[in-house]
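Notes for the one structure printed next.
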Amino acid sequence: SAAVLSVMLSATSTCAFAPPVSRMMQQTTTTRSTTPLYSTTEEETAEMKRVTKKEERLKFMKSDQFHRRGFKEVRDQVEDNIQQQFQSGLVDDLKSSNYVLDKDGVKVYLAKDFGFCWGVERSIALAYEAVEHYPDRKLHITNELIHNPEVNDRLTEYNVNLVEKLGEGKKNFDNIQEGDVVILPAFGASYEEMSYFNEKNVEVVDTTCPWVSKVWNTVDMHQRKGLTSVIHGKYEHEETVATTSFCEDYICVKNMKEANMVADYIVNGGDKEAFLKYFEKAISTGFDPDTMLDKIGIANQTTMYKKETKAIGQLLQKAMMKKFGPGEVNEHYAEFDTICDATQERQDAVQELVENSSEYGLDFILVIGGWDSSNTAHLLEIPHNNKIRSFHINRAECISADNTITHRTVDGEIVTEPFLLDMSKDVVMGVTSGASTPDAAVQDSLSQIFLLKKMSSAVA
């Protein structure tokens with residue numbers, strides 16, 4: 001039979017999440033019931049299952065076939081390899097000259113925090129070490145390691161097999177055999193996937209970012225306190241899929257519009273059927289907004305826009321105050337900051353470019369990173385929302401010799417348009433890159449712009 005890990009769907013949902021195992025075992029009961037069952041209430045039974053789930057995850061990690069610390073005997077070789085592939089002399093020059101550089105008629109202002117974060121560097125190093133440590137094994141990865149095309153292409157060159165996605169949350173694990181090596185990406189893997197690999201005789205190399213694990217611990221705390229997790233994130237994003245698999249009761253909201261819908265339901269109630277239909281892909285199996293929104297805890301996908309997460313938290317806290325009163329709000333609402341430091345630092349650095357754009361005379365801001373990178377997409381939103389011309393490209397080849405640029409808009413469209421609008425004058429630009437983007441990608445992109453300007457000068 002095919003070794004396909006399938007996402008189970010509720011009767012009224014096409015949910016793309018893998019539900020927690022405890023949900024799979026509860027088909028006829030509701031989570032918040034207070035009806036005694038023998039001498040143990042269902043709430044107490046659910047609590048025991050929540051603890052068991054976290055204990056099971058920790059048990060997986062203690063296995064001799066589960067690796068999180070890398071392989072020391074190949075570390076020096078891997079570090080040299082990473083430096084050769086991803087470092088940039090041009091970017092080093094920018095940093096050493098106060099993040100400003102004049103070259104070939106182009107003045108570049110580099111954001112003061114940009115590019116690879118520690119979690120991404122760690123993930124790449126662990127994956128590369130696995131390749132070197134297991135030269136005679138077949139290696140697989142359950143998803144893209146990070147959202148960067150150069151890094152993922154390199155792993156493909158190293159013969160790391162990307163597990164096939166079958167749609168609707170299903171993956172095909174047929175090609176993974178006993179003795180193979182399975183790499184878990186920086187976004188993490190679902191509880192169900194970890195459980196599956198734990199039962200199979202494979203080596204697991206876990207590159208999950210510790211900040212993602214922090215979110216898992218936060219939603220586990222929610223469950224222990226009897227809270228529904230409200231997750232500010234994109235329900236289809238790999239990180240959020242993994243996080244929700246460690247929840248019991250949850251709802252995902254991707255923006256303020258959806259947060260307002262939840263807040264309004266908390267305070268005023270509403271059309272339950274319409275609410276469930278709208279959020280059908282973003283809620284836990286058996287979700288009941290009439291009972292499961294009385295006590296909530298907020299967490300977020302680590303790469304979301306922090307200001308929006310804070311605004312959502314304040315909105316939901318006010319909704320609880322309005323419904324239950326200021327004296328009871330702490331019994332019904334909990335907040336934990338799960339935005340990673342690197343995400344916030346990169347957002348702040350772009351904000352600084354925006355605030356100084358008039359003084360610098362910026363023509364545009366270039367944002368470099370994978371088109372499916374959430375943290376990079378949020379970097380683009382900052383100049384866009386401030387009405388500054390800006391472009392999100394995923395690689396240098398997006399800048400063409402015919403002076404056009406192919407880029408991703410804030411709405412997710414890929415469009416091509418004229419790039420440098422006035423070749424007769426010097427170009428003044430800001431540049432940043434997402435947490436999954438190597439410095440070499442920044443250098444390659446800037447080099448394309450330098451070349452365009454030199455070509456225009458030669459023709460003139």
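Chain identifiers are assigned as A, B, and so on, following the order in which chains appear in the structure tokens; residues are numbered from 1 within each chain, and ligands are numbered from 1 in order of appearance.
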
How close does segment 104-129 of chain A get to segment 166-185 of chain A? List, as JSON lines, each residue of segment 104-129 of chain A within 9 Å, its nearest atom pair and the distance in Å to one decimal, counting only C-alpha atoms.
```
{"residue": "A:Ser123", "atom": "CA", "partner": "A:Pro185", "partner_atom": "CA", "distance": 7.2}
{"residue": "A:Leu126", "atom": "CA", "partner": "A:Ile183", "partner_atom": "CA", "distance": 8.9}
{"residue": "A:Ala127", "atom": "CA", "partner": "A:Ile183", "partner_atom": "CA", "distance": 6.9}
```

Generate the output file for the selected residues, all heavy atoms, as a PDB file, in the first residue's frame.
```
ATOM      1  N   SER A 123      19.854  25.723   9.826  1.00  0.00           N
ATOM      2  CA  SER A 123      19.126  24.726   9.047  1.00  0.00           C
ATOM      3  C   SER A 123      19.942  24.265   7.841  1.00  0.00           C
ATOM      4  O   SER A 123      20.038  23.061   7.558  1.00  0.00           O
ATOM      5  CB  SER A 123      17.783  25.307   8.592  1.00  0.00           C
ATOM      6  OG  SER A 123      17.037  24.361   7.869  1.00  0.00           O
ATOM      7  N   LEU A 126      22.902  22.079   9.016  1.00  0.00           N
ATOM      8  CA  LEU A 126      22.484  20.724   9.405  1.00  0.00           C
ATOM      9  C   LEU A 126      22.175  19.872   8.179  1.00  0.00           C
ATOM     10  O   LEU A 126      22.541  18.685   8.122  1.00  0.00           O
ATOM     11  CB  LEU A 126      21.264  20.797  10.317  1.00  0.00           C
ATOM     12  CG  LEU A 126      21.498  21.324  11.738  1.00  0.00           C
ATOM     13  CD1 LEU A 126      20.177  21.502  12.466  1.00  0.00           C
ATOM     14  CD2 LEU A 126      22.395  20.374  12.527  1.00  0.00           C
ATOM     15  N   ALA A 127      21.500  20.463   7.183  1.00  0.00           N
ATOM     16  CA  ALA A 127      21.178  19.716   5.966  1.00  0.00           C
ATOM     17  C   ALA A 127      22.440  19.342   5.199  1.00  0.00           C
ATOM     18  O   ALA A 127      22.597  18.201   4.739  1.00  0.00           O
ATOM     19  CB  ALA A 127      20.232  20.520   5.088  1.00  0.00           C
TER      20      ALA A 127
END
```

Using only C-alpha atoms, determine which residues lie at most 8 Å from segment 432-439 of chain A, disregarding the query and same-chain residues fewer than 3 positions distant; provide the list as a PyMOL selection string.
-> chain A and resi 86-88+91+110-111+113-117+120+146-148+342-343+346+350+365-370+373+375-376+379+442-443

Might you pull out every residue within 9 Å of segment 388-396 of chain A, with only C-alpha atoms counted and same-chain residues fewer than 3 positions away left off, and present them as a PyMOL selection string?
-> chain A and resi 148-150+354+357+362-372+376-377+379-380+382-385+399-400+405-410+437+441-448

Near segment 199-211 of chain A, counting only C-alpha atoms, which residues have an atom at most 10 Å away, once you skip same-chain residues fewer than 6 positions from it, shown as a PyMOL selection string?
-> chain A and resi 60-61+63-70+118-127+129-130+134+137+139-141+145+176-189+217+239+301-302+338-342

Would you save the residues of that selection, restricted to C-alpha atoms, as a PDB file, in the first residue's frame?
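That gives us out00.pdb:
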```
ATOM      1  CA  PHE A  60      10.845  11.124  19.274  1.00  0.00           C
ATOM      2  CA  MET A  61      13.662  13.610  19.798  1.00  0.00           C
ATOM      3  CA  SER A  63      15.668   8.493  19.800  1.00  0.00           C
ATOM      4  CA  ASP A  64      19.146   7.502  18.597  1.00  0.00           C
ATOM      5  CA  GLN A  65      17.830   7.936  15.047  1.00  0.00           C
ATOM      6  CA  PHE A  66      16.745  11.552  15.614  1.00  0.00           C
ATOM      7  CA  HIS A  67      19.486  14.127  15.029  1.00  0.00           C
ATOM      8  CA  ARG A  68      19.312  17.832  15.925  1.00  0.00           C
ATOM      9  CA  ARG A  69      22.934  18.680  16.674  1.00  0.00           C
ATOM     10  CA  GLY A  70      24.556  17.909  13.337  1.00  0.00           C
ATOM     11  CA  TRP A 118      20.743  32.359  12.587  1.00  0.00           C
ATOM     12  CA  GLY A 119      17.913  29.816  12.287  1.00  0.00           C
ATOM     13  CA  VAL A 120      18.295  29.610   8.501  1.00  0.00           C
ATOM     14  CA  GLU A 121      22.083  29.323   8.698  1.00  0.00           C
ATOM     15  CA  ARG A 122      21.660  26.529  11.229  1.00  0.00           C
ATOM     16  CA  SER A 123      19.126  24.726   9.047  1.00  0.00           C
ATOM     17  CA  ILE A 124      21.362  24.874   5.965  1.00  0.00           C
ATOM     18  CA  ALA A 125      24.383  23.706   7.957  1.00  0.00           C
ATOM     19  CA  LEU A 126      22.484  20.724   9.405  1.00  0.00           C
ATOM     20  CA  ALA A 127      21.178  19.716   5.966  1.00  0.00           C
ATOM     21  CA  GLU A 129      26.207  18.079   7.208  1.00  0.00           C
ATOM     22  CA  ALA A 130      23.648  15.308   6.683  1.00  0.00           C
ATOM     23  CA  TYR A 134      25.534   9.961   4.887  1.00  0.00           C
ATOM     24  CA  ARG A 137      22.395   6.779   1.945  1.00  0.00           C
ATOM     25  CA  LEU A 139      18.283  11.397   1.434  1.00  0.00           C
ATOM     26  CA  HIS A 140      14.820  12.953   1.390  1.00  0.00           C
ATOM     27  CA  ILE A 141      13.379  16.251   2.618  1.00  0.00           C
ATOM     28  CA  LEU A 145      14.421  23.464   3.376  1.00  0.00           C
ATOM     29  CA  ILE A 176      11.354   6.472   1.595  1.00  0.00           C
ATOM     30  CA  GLN A 177      12.738   3.091   2.549  1.00  0.00           C
ATOM     31  CA  GLU A 178      14.240   1.659   5.729  1.00  0.00           C
ATOM     32  CA  GLY A 179      17.730   2.968   6.295  1.00  0.00           C
ATOM     33  CA  ASP A 180      17.114   6.197   4.345  1.00  0.00           C
ATOM     34  CA  VAL A 181      17.676   9.671   5.775  1.00  0.00           C
ATOM     35  CA  VAL A 182      14.795  12.143   6.138  1.00  0.00           C
ATOM     36  CA  ILE A 183      15.509  15.862   6.619  1.00  0.00           C
ATOM     37  CA  LEU A 184      12.863  17.989   8.336  1.00  0.00           C
ATOM     38  CA  PRO A 185      12.971  21.597   7.043  1.00  0.00           C
ATOM     39  CA  ALA A 186      13.431  24.846   8.945  1.00  0.00           C
ATOM     40  CA  PHE A 187       9.632  25.290   9.142  1.00  0.00           C
ATOM     41  CA  GLY A 188       9.312  22.019  11.044  1.00  0.00           C
ATOM     42  CA  ALA A 189       7.141  19.002  10.350  1.00  0.00           C
ATOM     43  CA  ASN A 217       5.580  25.163  23.205  1.00  0.00           C
ATOM     44  CA  GLU A 239       5.161  26.417   9.525  1.00  0.00           C
ATOM     45  CA  GLN A 301       3.644  32.285  12.512  1.00  0.00           C
ATOM     46  CA  THR A 302       7.150  33.547  13.274  1.00  0.00           C
ATOM     47  CA  THR A 338       6.371  34.401  19.140  1.00  0.00           C
ATOM     48  CA  ILE A 339       7.694  36.673  16.375  1.00  0.00           C
ATOM     49  CA  CYS A 340      11.370  35.818  15.989  1.00  0.00           C
ATOM     50  CA  ASP A 341      13.962  38.515  16.654  1.00  0.00           C
ATOM     51  CA  ALA A 342      15.397  38.267  13.142  1.00  0.00           C
TER      52      ALA A 342
END
```

Enumerate, as a ChimeraX atom specification, the complete set of residues in segment 417-451 of chain A that a backbone-based DSSP assignment places in alpha helix (DSSP H).
-> /A:439-451

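Across the model, the gap from atom CA of Glu157 of chain A to atom CA of Gln83 of chain A is 17.5 Å.
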